[in-house]
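Colleague: Quick one, query_34.tsv (TSV, N, CA and C atoms and all ligand atoms):
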chain	number	residue	atom	x	y	z
V	130	MET	N	0.86	-1.18	0.00
V	130	MET	CA	0.00	0.00	0.00
V	130	MET	C	0.90	1.23	0.00
V	131	SER	N	0.63	2.15	-0.91
V	131	SER	CA	1.45	3.34	-0.96
V	131	SER	C	0.80	4.44	-0.14
V	132	GLY	N	1.54	5.48	0.08
V	132	GLY	CA	1.01	6.60	0.84
V	132	GLY	C	2.04	7.08	1.84
V	133	PRO	N	1.89	8.34	2.22
V	133	PRO	CA	2.91	8.93	3.09
V	133	PRO	C	2.97	8.30	4.47
V	134	LEU	N	1.90	7.64	4.90
V	134	LEU	CA	1.88	7.08	6.25
V	134	LEU	C	2.24	5.60	6.30
V	135	SER	N	2.19	4.94	5.17
V	135	SER	CA	2.41	3.49	5.19
V	135	SER	C	3.88	3.18	5.46
V	136	ARG	N	4.11	2.28	6.36
V	136	ARG	CA	5.47	1.96	6.75
V	136	ARG	C	6.22	1.22	5.66
V	137	CYS	N	5.50	0.39	4.90
V	137	CYS	CA	6.19	-0.36	3.84
V	137	CYS	C	6.65	0.57	2.72
V	138	ALA	N	5.81	1.52	2.36
V	138	ALA	CA	6.16	2.41	1.26
V	138	ALA	C	7.33	3.31	1.61
V	139	ASN	N	7.54	3.50	2.87
V	139	ASN	CA	8.61	4.39	3.31
V	139	ASN	C	9.79	3.63	3.93
V	140	SER	N	9.78	2.33	3.76
V	140	SER	CA	10.84	1.51	4.34
V	140	SER	C	12.07	1.47	3.42
V	141	PRO	N	13.26	1.47	4.00
V	141	PRO	CA	14.46	1.29	3.18
V	141	PRO	C	14.60	-0.15	2.69
V	142	THR	N	13.76	-1.05	3.21
V	142	THR	CA	13.83	-2.46	2.80
V	142	THR	C	12.44	-2.97	2.40
V	143	PRO	N	11.88	-2.40	1.33
V	143	PRO	CA	10.51	-2.79	0.94
V	143	PRO	C	10.39	-4.26	0.55
V	144	ASP	N	11.49	-4.89	0.17
V	144	ASP	CA	11.43	-6.31	-0.18
V	144	ASP	C	11.04	-7.19	1.01
V	145	ALA	N	11.16	-6.64	2.21
V	145	ALA	CA	10.79	-7.42	3.39
V	145	ALA	C	9.32	-7.81	3.36
V	146	TRP	N	8.50	-7.06	2.61
V	146	TRP	CA	7.06	-7.36	2.52
V	146	TRP	C	6.78	-8.39	1.42
V	147	GLU	N	7.81	-8.85	0.78
V	147	GLU	CA	7.65	-9.83	-0.30
V	147	GLU	C	8.55	-11.03	-0.02
V	148	PRO	N	8.36	-11.71	1.09
V	148	PRO	CA	9.26	-12.81	1.44
V	148	PRO	C	9.11	-13.98	0.47
V	149	GLU	N	10.22	-14.61	0.22
V	149	GLU	CA	10.16	-15.81	-0.61
V	149	GLU	C	9.81	-16.96	0.30
V	150	ALA	N	8.60	-17.43	0.18
V	150	ALA	CA	8.11	-18.49	1.05
V	150	ALA	C	6.93	-19.18	0.39
V	151	THR	N	6.83	-20.46	0.60
V	151	THR	CA	5.72	-21.20	0.01
V	151	THR	C	4.72	-21.64	1.05
V	152	THR	N	4.99	-21.34	2.29
V	152	THR	CA	4.02	-21.69	3.34
V	152	THR	C	3.81	-20.48	4.24
V	153	ILE	N	2.69	-20.48	4.92
V	153	ILE	CA	2.40	-19.39	5.86
V	153	ILE	C	3.47	-19.35	6.94
V	154	ALA	N	3.81	-20.49	7.49
V	154	ALA	CA	4.78	-20.53	8.60
V	154	ALA	C	6.12	-19.95	8.18
V	155	LYS	N	6.58	-20.31	6.99
V	155	LYS	CA	7.87	-19.78	6.54
V	155	LYS	C	7.76	-18.29	6.26
V	156	ALA	N	6.66	-17.87	5.67
V	156	ALA	CA	6.49	-16.45	5.39
V	156	ALA	C	6.49	-15.65	6.69
V	157	ARG	N	5.90	-16.19	7.72
V	157	ARG	CA	5.89	-15.47	9.01
V	157	ARG	C	7.30	-15.38	9.58
V	158	ARG	N	8.10	-16.42	9.38
V	158	ARG	CA	9.49	-16.36	9.87
V	158	ARG	C	10.30	-15.38	9.04
V	159	VAL	N	10.26	-15.55	7.74
V	159	VAL	CA	11.07	-14.70	6.85
V	159	VAL	C	10.58	-13.25	6.89
V	160	GLY	N	9.27	-13.07	7.02
V	160	GLY	CA	8.70	-11.74	7.01
V	160	GLY	C	8.48	-11.14	8.38
V	161	GLU	N	9.20	-11.65	9.36
V	161	GLU	CA	9.00	-11.22	10.74
V	161	GLU	C	9.14	-9.70	10.91
V	162	ASP	N	10.13	-9.12	10.29
V	162	ASP	CA	10.35	-7.68	10.44
V	162	ASP	C	9.19	-6.88	9.82
V	163	ALA	N	8.75	-7.32	8.66
V	163	ALA	CA	7.64	-6.63	8.00
V	163	ALA	C	6.36	-6.76	8.83
V	164	ILE	N	6.12	-7.95	9.34
V	164	ILE	CA	4.93	-8.16	10.17
V	164	ILE	C	4.97	-7.25	11.39
V	165	GLY	N	6.14	-7.13	11.98
V	165	GLY	CA	6.28	-6.24	13.13
V	165	GLY	C	6.03	-4.79	12.76
V	166	ALA	N	6.53	-4.37	11.61
V	166	ALA	CA	6.31	-2.99	11.16
V	166	ALA	C	4.83	-2.74	10.88
V	167	CYS	N	4.16	-3.70	10.30
V	167	CYS	CA	2.72	-3.55	10.04
V	167	CYS	C	1.96	-3.33	11.35
V	168	GLY	N	2.42	-3.97	12.39
V	168	GLY	CA	1.73	-3.84	13.67
V	168	GLY	C	1.69	-2.42	14.18
V	169	TRP	N	2.62	-1.59	13.71
V	169	TRP	CA	2.68	-0.20	14.14
V	169	TRP	C	2.33	0.77	13.01
V	170	CYS	N	1.81	0.25	11.93
V	170	CYS	CA	1.50	1.09	10.77
V	170	CYS	C	0.18	1.83	11.03
V	171	PRO	N	0.16	3.14	10.85
V	171	PRO	CA	-1.06	3.90	11.13
V	171	PRO	C	-2.20	3.65	10.14
V	172	VAL	N	-1.90	3.02	9.02
V	172	VAL	CA	-2.97	2.75	8.04
V	172	VAL	C	-3.24	1.25	7.92
V	173	ARG	N	-2.96	0.53	8.98
V	173	ARG	CA	-3.12	-0.93	8.92
V	173	ARG	C	-4.57	-1.34	8.64
V	174	ALA	N	-5.53	-0.73	9.31
V	174	ALA	CA	-6.92	-1.11	9.08
V	174	ALA	C	-7.34	-0.84	7.64
V	175	GLU	N	-6.94	0.31	7.12
V	175	GLU	CA	-7.26	0.63	5.72
V	175	GLU	C	-6.58	-0.36	4.78
V	176	CYS	N	-5.37	-0.75	5.13
V	176	CYS	CA	-4.64	-1.71	4.31
V	176	CYS	C	-5.38	-3.05	4.26
V	177	LEU	N	-5.82	-3.51	5.42
V	177	LEU	CA	-6.53	-4.79	5.45
V	177	LEU	C	-7.86	-4.68	4.71
V	178	GLU	N	-8.55	-3.59	4.89
V	178	GLU	CA	-9.83	-3.37	4.18
V	178	GLU	C	-9.59	-3.44	2.67
V	179	ARG	N	-8.53	-2.80	2.24
V	179	ARG	CA	-8.22	-2.79	0.81
V	179	ARG	C	-7.95	-4.20	0.31
V	180	GLU	N	-7.19	-4.97	1.09
V	180	GLU	CA	-6.90	-6.34	0.69
V	180	GLU	C	-8.17	-7.19	0.62
V	181	MET	N	-9.05	-7.00	1.58
V	181	MET	CA	-10.29	-7.77	1.58
V	181	MET	C	-11.15	-7.40	0.38
V	182	ARG	N	-11.24	-6.12	0.09
V	182	ARG	CA	-12.07	-5.68	-1.03
V	182	ARG	C	-11.47	-6.07	-2.37
V	183	ALA	N	-10.17	-6.01	-2.46
V	183	ALA	CA	-9.51	-6.32	-3.74
V	183	ALA	C	-9.64	-7.80	-4.06
V	184	GLY	N	-9.56	-8.62	-3.04
V	184	GLY	CA	-9.66	-10.05	-3.28
V	184	GLY	C	-8.48	-10.61	-4.05
V	185	VAL	N	-7.45	-9.80	-4.19
V	185	VAL	CA	-6.24	-10.26	-4.88
V	185	VAL	C	-5.28	-10.71	-3.80
V	186	LEU	N	-5.45	-11.91	-3.38
V	186	LEU	CA	-4.72	-12.39	-2.22
V	186	LEU	C	-3.65	-13.38	-2.63
V	187	GLY	N	-2.83	-13.67	-1.69
V	187	GLY	CA	-1.70	-14.54	-1.98
V	187	GLY	C	-2.10	-15.95	-2.37
V	188	THR	N	-1.27	-16.56	-3.13
V	188	THR	CA	-1.42	-17.97	-3.42
V	188	THR	C	-0.43	-18.71	-2.53
V	189	ASP	N	-0.39	-20.02	-2.66
V	189	ASP	CA	0.56	-20.77	-1.86
V	189	ASP	C	2.00	-20.37	-2.16
V	190	ARG	N	2.23	-19.84	-3.35
V	190	ARG	CA	3.58	-19.43	-3.71
V	190	ARG	C	3.76	-17.92	-3.59
V	191	ASP	N	2.75	-17.27	-3.10
V	191	ASP	CA	2.82	-15.81	-2.97
V	191	ASP	C	2.40	-15.46	-1.55
V	192	GLN	N	3.36	-15.37	-0.68
V	192	GLN	CA	3.07	-15.13	0.73
V	192	GLN	C	3.46	-13.72	1.12
V	193	ARG	N	3.16	-12.78	0.24
V	193	ARG	CA	3.48	-11.39	0.56
V	193	ARG	C	2.81	-10.97	1.86
V	194	ILE	N	3.39	-10.02	2.51
V	194	ILE	CA	2.86	-9.53	3.78
V	194	ILE	C	2.03	-8.27	3.52
V	195	ARG	N	0.81	-8.27	4.04
V	195	ARG	CA	-0.03	-7.08	4.01
V	195	ARG	C	-0.79	-7.02	5.33
V	196	ALA	N	-0.77	-5.84	5.92
V	196	ALA	CA	-1.49	-5.60	7.18
V	196	ALA	C	-1.03	-6.55	8.29
V	197	GLY	N	0.16	-7.06	8.16
V	197	GLY	CA	0.69	-7.94	9.20
V	197	GLY	C	0.34	-9.40	9.01
V	198	PHE	N	-0.22	-9.74	7.87
V	198	PHE	CA	-0.61	-11.12	7.60
V	198	PHE	C	0.02	-11.59	6.30
V	199	THR	N	0.20	-12.88	6.22
V	199	THR	CA	0.71	-13.46	4.98
V	199	THR	C	-0.45	-13.62	3.98
V	200	GLY	N	-0.08	-13.84	2.74
V	200	GLY	CA	-1.10	-14.05	1.72
V	200	GLY	C	-2.05	-15.18	2.06
V	201	GLY	N	-1.51	-16.26	2.57
V	201	GLY	CA	-2.35	-17.40	2.95
V	201	GLY	C	-3.31	-17.05	4.07
V	202	GLU	N	-2.83	-16.30	5.02
V	202	GLU	CA	-3.71	-15.87	6.12
V	202	GLU	C	-4.80	-14.94	5.61
V	203	LEU	N	-4.42	-14.05	4.70
V	203	LEU	CA	-5.41	-13.12	4.15
V	203	LEU	C	-6.51	-13.88	3.41
V	204	ARG	N	-6.13	-14.93	2.72
V	204	ARG	CA	-7.15	-15.74	2.04
V	204	ARG	C	-8.13	-16.33	3.05
V	205	GLN	N	-7.59	-16.85	4.15
V	205	GLN	CA	-8.45	-17.43	5.18
V	205	GLN	C	-9.34	-16.36	5.80
V	206	MET	N	-8.77	-15.19	6.05
V	206	MET	CA	-9.52	-14.12	6.69
V	206	MET	C	-10.61	-13.58	5.76
V	207	ARG	N	-10.37	-13.62	4.48
V	207	ARG	CA	-11.37	-13.07	3.55
V	207	ARG	C	-12.68	-13.85	3.62
V	208	ALA	N	-12.59	-15.13	3.88
V	208	ALA	CA	-13.82	-15.92	4.02
V	208	ALA	C	-14.63	-15.40	5.21
V	209	LEU	N	-13.94	-15.07	6.29
V	209	LEU	CA	-14.63	-14.51	7.47
V	209	LEU	C	-15.20	-13.13	7.15
V	210	TRP	N	-14.42	-12.33	6.42
V	210	TRP	CA	-14.87	-10.99	6.05
V	210	TRP	C	-16.11	-11.06	5.16
V	211	LEU	N	-16.09	-11.97	4.20
V	211	LEU	CA	-17.25	-12.11	3.32
V	211	LEU	C	-18.48	-12.58	4.09
V	212	ALA	N	-18.25	-13.27	5.20
V	212	ALA	CA	-19.36	-13.74	6.02
V	212	ALA	C	-19.83	-12.68	7.01
V	213	GLY	N	-19.18	-11.52	7.02
V	213	GLY	CA	-19.67	-10.42	7.83
V	213	GLY	C	-18.78	-9.96	8.96
V	214	THR	N	-17.63	-10.60	9.17
V	214	THR	CA	-16.71	-10.15	10.21
V	214	THR	C	-16.05	-8.85	9.77
V	215	SER	N	-16.04	-7.86	10.64
V	215	SER	CA	-15.46	-6.57	10.26
V	215	SER	C	-13.94	-6.63	10.24
V	216	VAL	N	-13.37	-5.68	9.54
V	216	VAL	CA	-11.91	-5.58	9.49
V	216	VAL	C	-11.33	-5.38	10.89
V	217	LEU	N	-11.99	-4.57	11.69
V	217	LEU	CA	-11.48	-4.34	13.05
V	217	LEU	C	-11.52	-5.61	13.87
V	218	ASP	N	-12.55	-6.41	13.70
V	218	ASP	CA	-12.60	-7.68	14.42
V	218	ASP	C	-11.55	-8.66	13.90
V	219	LEU	N	-11.22	-8.55	12.63
V	219	LEU	CA	-10.14	-9.39	12.10
V	219	LEU	C	-8.79	-8.97	12.66
V	220	LEU	N	-8.63	-7.66	12.85
V	220	LEU	CA	-7.36	-7.16	13.37
V	220	LEU	C	-7.22	-7.41	14.87
V	221	TRP	N	-8.30	-7.23	15.58
V	221	TRP	CA	-8.26	-7.34	17.04
V	221	TRP	C	-9.38	-8.23	17.53
V	222	PRO	N	-9.28	-9.52	17.27
V	222	PRO	CA	-10.36	-10.42	17.69
V	222	PRO	C	-10.47	-10.50	19.21
V	223	ILE	N	-11.65	-10.80	19.64
V	223	ILE	CA	-11.92	-10.98	21.07
V	223	ILE	C	-11.87	-12.47	21.37
V	224	ASP	N	-11.10	-12.83	22.36
V	224	ASP	CA	-11.15	-14.22	22.81
V	224	ASP	C	-11.46	-14.23	24.30
V	225	GLU	N	-11.38	-15.37	24.92
V	225	GLU	CA	-11.77	-15.47	26.32
V	225	GLU	C	-10.91	-14.60	27.25
V	226	ASP	N	-9.73	-14.21	26.77
V	226	ASP	CA	-8.85	-13.36	27.57
V	226	ASP	C	-9.00	-11.87	27.21
V	227	GLY	N	-9.96	-11.56	26.34
V	227	GLY	CA	-10.15	-10.17	25.95
V	227	GLY	C	-9.58	-9.92	24.57
V	228	PRO	N	-9.55	-8.65	24.19
V	228	PRO	CA	-9.04	-8.32	22.85
V	228	PRO	C	-7.60	-8.78	22.65
V	229	THR	N	-7.33	-9.26	21.47
V	229	THR	CA	-5.99	-9.74	21.15
V	229	THR	C	-5.50	-8.98	19.95
V	230	ARG	N	-4.52	-8.14	20.15
V	230	ARG	CA	-3.97	-7.37	19.04
V	230	ARG	C	-3.24	-8.29	18.08
V	231	GLY	N	-3.50	-8.09	16.83
V	231	GLY	CA	-2.75	-8.83	15.82
V	231	GLY	C	-3.59	-9.79	15.04
V	232	GLY	N	-4.53	-10.43	15.68
V	232	GLY	CA	-5.43	-11.31	14.95
V	232	GLY	C	-4.73	-12.43	14.23
V	233	ALA	N	-3.63	-12.89	14.77
V	233	ALA	CA	-2.85	-13.90	14.07
V	233	ALA	C	-3.66	-15.17	13.86
V	234	ARG	N	-3.68	-15.59	12.65
V	234	ARG	CA	-4.29	-16.87	12.32
V	234	ARG	C	-3.24	-17.73	11.67
V	235	GLY	N	-2.05	-17.50	12.08
V	235	GLY	CA	-0.91	-18.06	11.37
V	235	GLY	C	-0.48	-19.43	11.81
V	236	SER	N	-1.39	-20.27	12.14
V	236	SER	CA	-0.97	-21.61	12.54
V	236	SER	C	-0.80	-22.52	11.34
V	237	GLY	N	-1.19	-22.06	10.16
V	237	GLY	CA	-1.07	-22.90	8.99
V	237	GLY	C	0.38	-23.18	8.65
V	238	ALA	N	0.61	-24.32	8.08
V	238	ALA	CA	1.98	-24.71	7.74
V	238	ALA	C	2.36	-24.23	6.38
V	301	LIG	S1	-0.13	-2.33	7.23
V	301	LIG	FE1	1.82	-3.16	6.49
V	301	LIG	S2	1.47	-3.67	4.34
V	301	LIG	FE2	-0.19	-2.31	5.00
V	301	LIG	S3	0.46	-0.23	4.45
V	301	LIG	FE3	1.10	-0.59	6.56
V	301	LIG	S4	3.19	-1.39	6.46
V	301	LIG	FE4	2.29	-1.58	4.42
Would you write the structure of this file as structure tokens?
Modeller:
Amino acid sequence: MSGPLSRCANSPTPDAWEPEATTIAKARRVGEDAIGACGWCPVRAECLEREMRAGVLGTDRDQRIRAGFTGGELRQMRALWLAGTSVLDLLWPIDEDGPTRGGARGSGA
């Protein structure tokens, strides 16, 4: 996502958002720095909304990082979004311990 506030667009290492990985788990390891930067990006919610609306999500061989999630995770999340889950709930889901920042669904291999 471009724009003056996006951390990826202003990063000296933009390739960090395009990790070479064929699995979610590897993308999360390789893209750890990008995922961390997304967590502090002021346009993260807009970024995730854009990804959900665009529907142009990662394939198994495309694990780019957007809004702190890998392409595979975004694909999984889009099903929830299409079923009515809001972007904010995807970013900060509520579990039995209360709100959880990050919304990681990254248990996939
Ligand atoms: S949330 Fe991440 S991918 Fe999205 S604009 Fe911000 S830094 Fe870039």
Colleague: Which residue is closest to Glu147 of chain V? Choose from V:Ile194, V:Ala174, V:Leu220, V:Ala166 and count only C-alpha atoms.
Modeller: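 Answer, going by the shortest atom-to-atom distance: V:Ile194.
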Colleague: So which one's closest to ligand LIG 301 (chain V), V:Ile153, V:Cys170, V:Val159, V:Ala145? Using all atoms listed in the file, please.
Modeller: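 When distances to ligand LIG 301 (chain V) are compared using all atoms listed in the file, the smallest one comes from V:Cys170.
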Colleague: So which residues touch Leu209 of chain V within 10 Å, counting only C-alpha atoms, skipping near sequence neighbours fewer than 5 positions away, as a CSV table (one decimal) with N, CA and C atoms, keeping the file's coordinate frame?
Modeller:
chain,number,residue,atom,x,y,z
V,181,MET,N,-9.0,-7.0,1.6
V,181,MET,CA,-10.3,-7.8,1.6
V,181,MET,C,-11.2,-7.4,0.4
V,203,LEU,N,-4.4,-14.0,4.7
V,203,LEU,CA,-5.4,-13.1,4.2
V,203,LEU,C,-6.5,-13.9,3.4
V,204,ARG,N,-6.1,-14.9,2.7
V,204,ARG,CA,-7.2,-15.7,2.0
V,204,ARG,C,-8.1,-16.3,3.0
V,214,THR,N,-17.6,-10.6,9.2
V,214,THR,CA,-16.7,-10.2,10.2
V,214,THR,C,-16.0,-8.8,9.8
V,215,SER,N,-16.0,-7.9,10.6
V,215,SER,CA,-15.5,-6.6,10.3
V,215,SER,C,-13.9,-6.6,10.2
V,216,VAL,N,-13.4,-5.7,9.5
V,216,VAL,CA,-11.9,-5.6,9.5
V,216,VAL,C,-11.3,-5.4,10.9
V,218,ASP,N,-12.6,-6.4,13.7
V,218,ASP,CA,-12.6,-7.7,14.4
V,218,ASP,C,-11.6,-8.7,13.9
V,219,LEU,N,-11.2,-8.6,12.6
V,219,LEU,CA,-10.1,-9.4,12.1
V,219,LEU,C,-8.8,-9.0,12.7
Colleague: Which protein, DNA or RNA residues have an atom within 10 Å of ligand LIG 301 (chain V), counting only C-alpha atoms and all ligand atoms, as a ChimeraX atom specification?
Modeller: /V:130-140,143,146-147,163-180,193-199
Colleague: Residues of segment 174-206 of chain V in alpha helix (DSSP H) according to DSSP, as a list in words?
Modeller: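 Matching residues, listed in order: Ala174, Glu175, Cys176, Leu177, Glu178, Arg179, Glu180, Met181, Arg182, Ala183, Gly200, Gly201, Glu202, Leu203, Arg204, Gln205 and Met206 of chain V.
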Colleague: What does the structure give for the distance between atom CA of Ala183 of chain V and atom C of Leu217 of chain V, in Å to one decimal?
Modeller: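 Going from atom CA of Ala183 of chain V over to atom C of Leu217 of chain V, I get 17.7 Å.
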Colleague: Which one of V:Gly184, V:Asp191, V:Gly201, V:Ala208 sits closest to Ala154 of chain V if you count only C-alpha atoms?
Modeller: V:Gly201
Colleague: May I ask for the distance between atom C of Thr142 of chain V and atom C of Gln192 of chain V, given in Å to one decimal place?
Modeller: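 According to the coordinates, atom C of Thr142 of chain V and atom C of Gln192 of chain V are separated by 14.1 Å.
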Colleague: Please compute the atom CA of Gly160 of chain V-atom CA of Pro148 of chain V distance, one decimal, in Å.
Modeller: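 So the two atoms, atom CA of Gly160 of chain V and atom CA of Pro148 of chain V, lie 5.7 Å apart.
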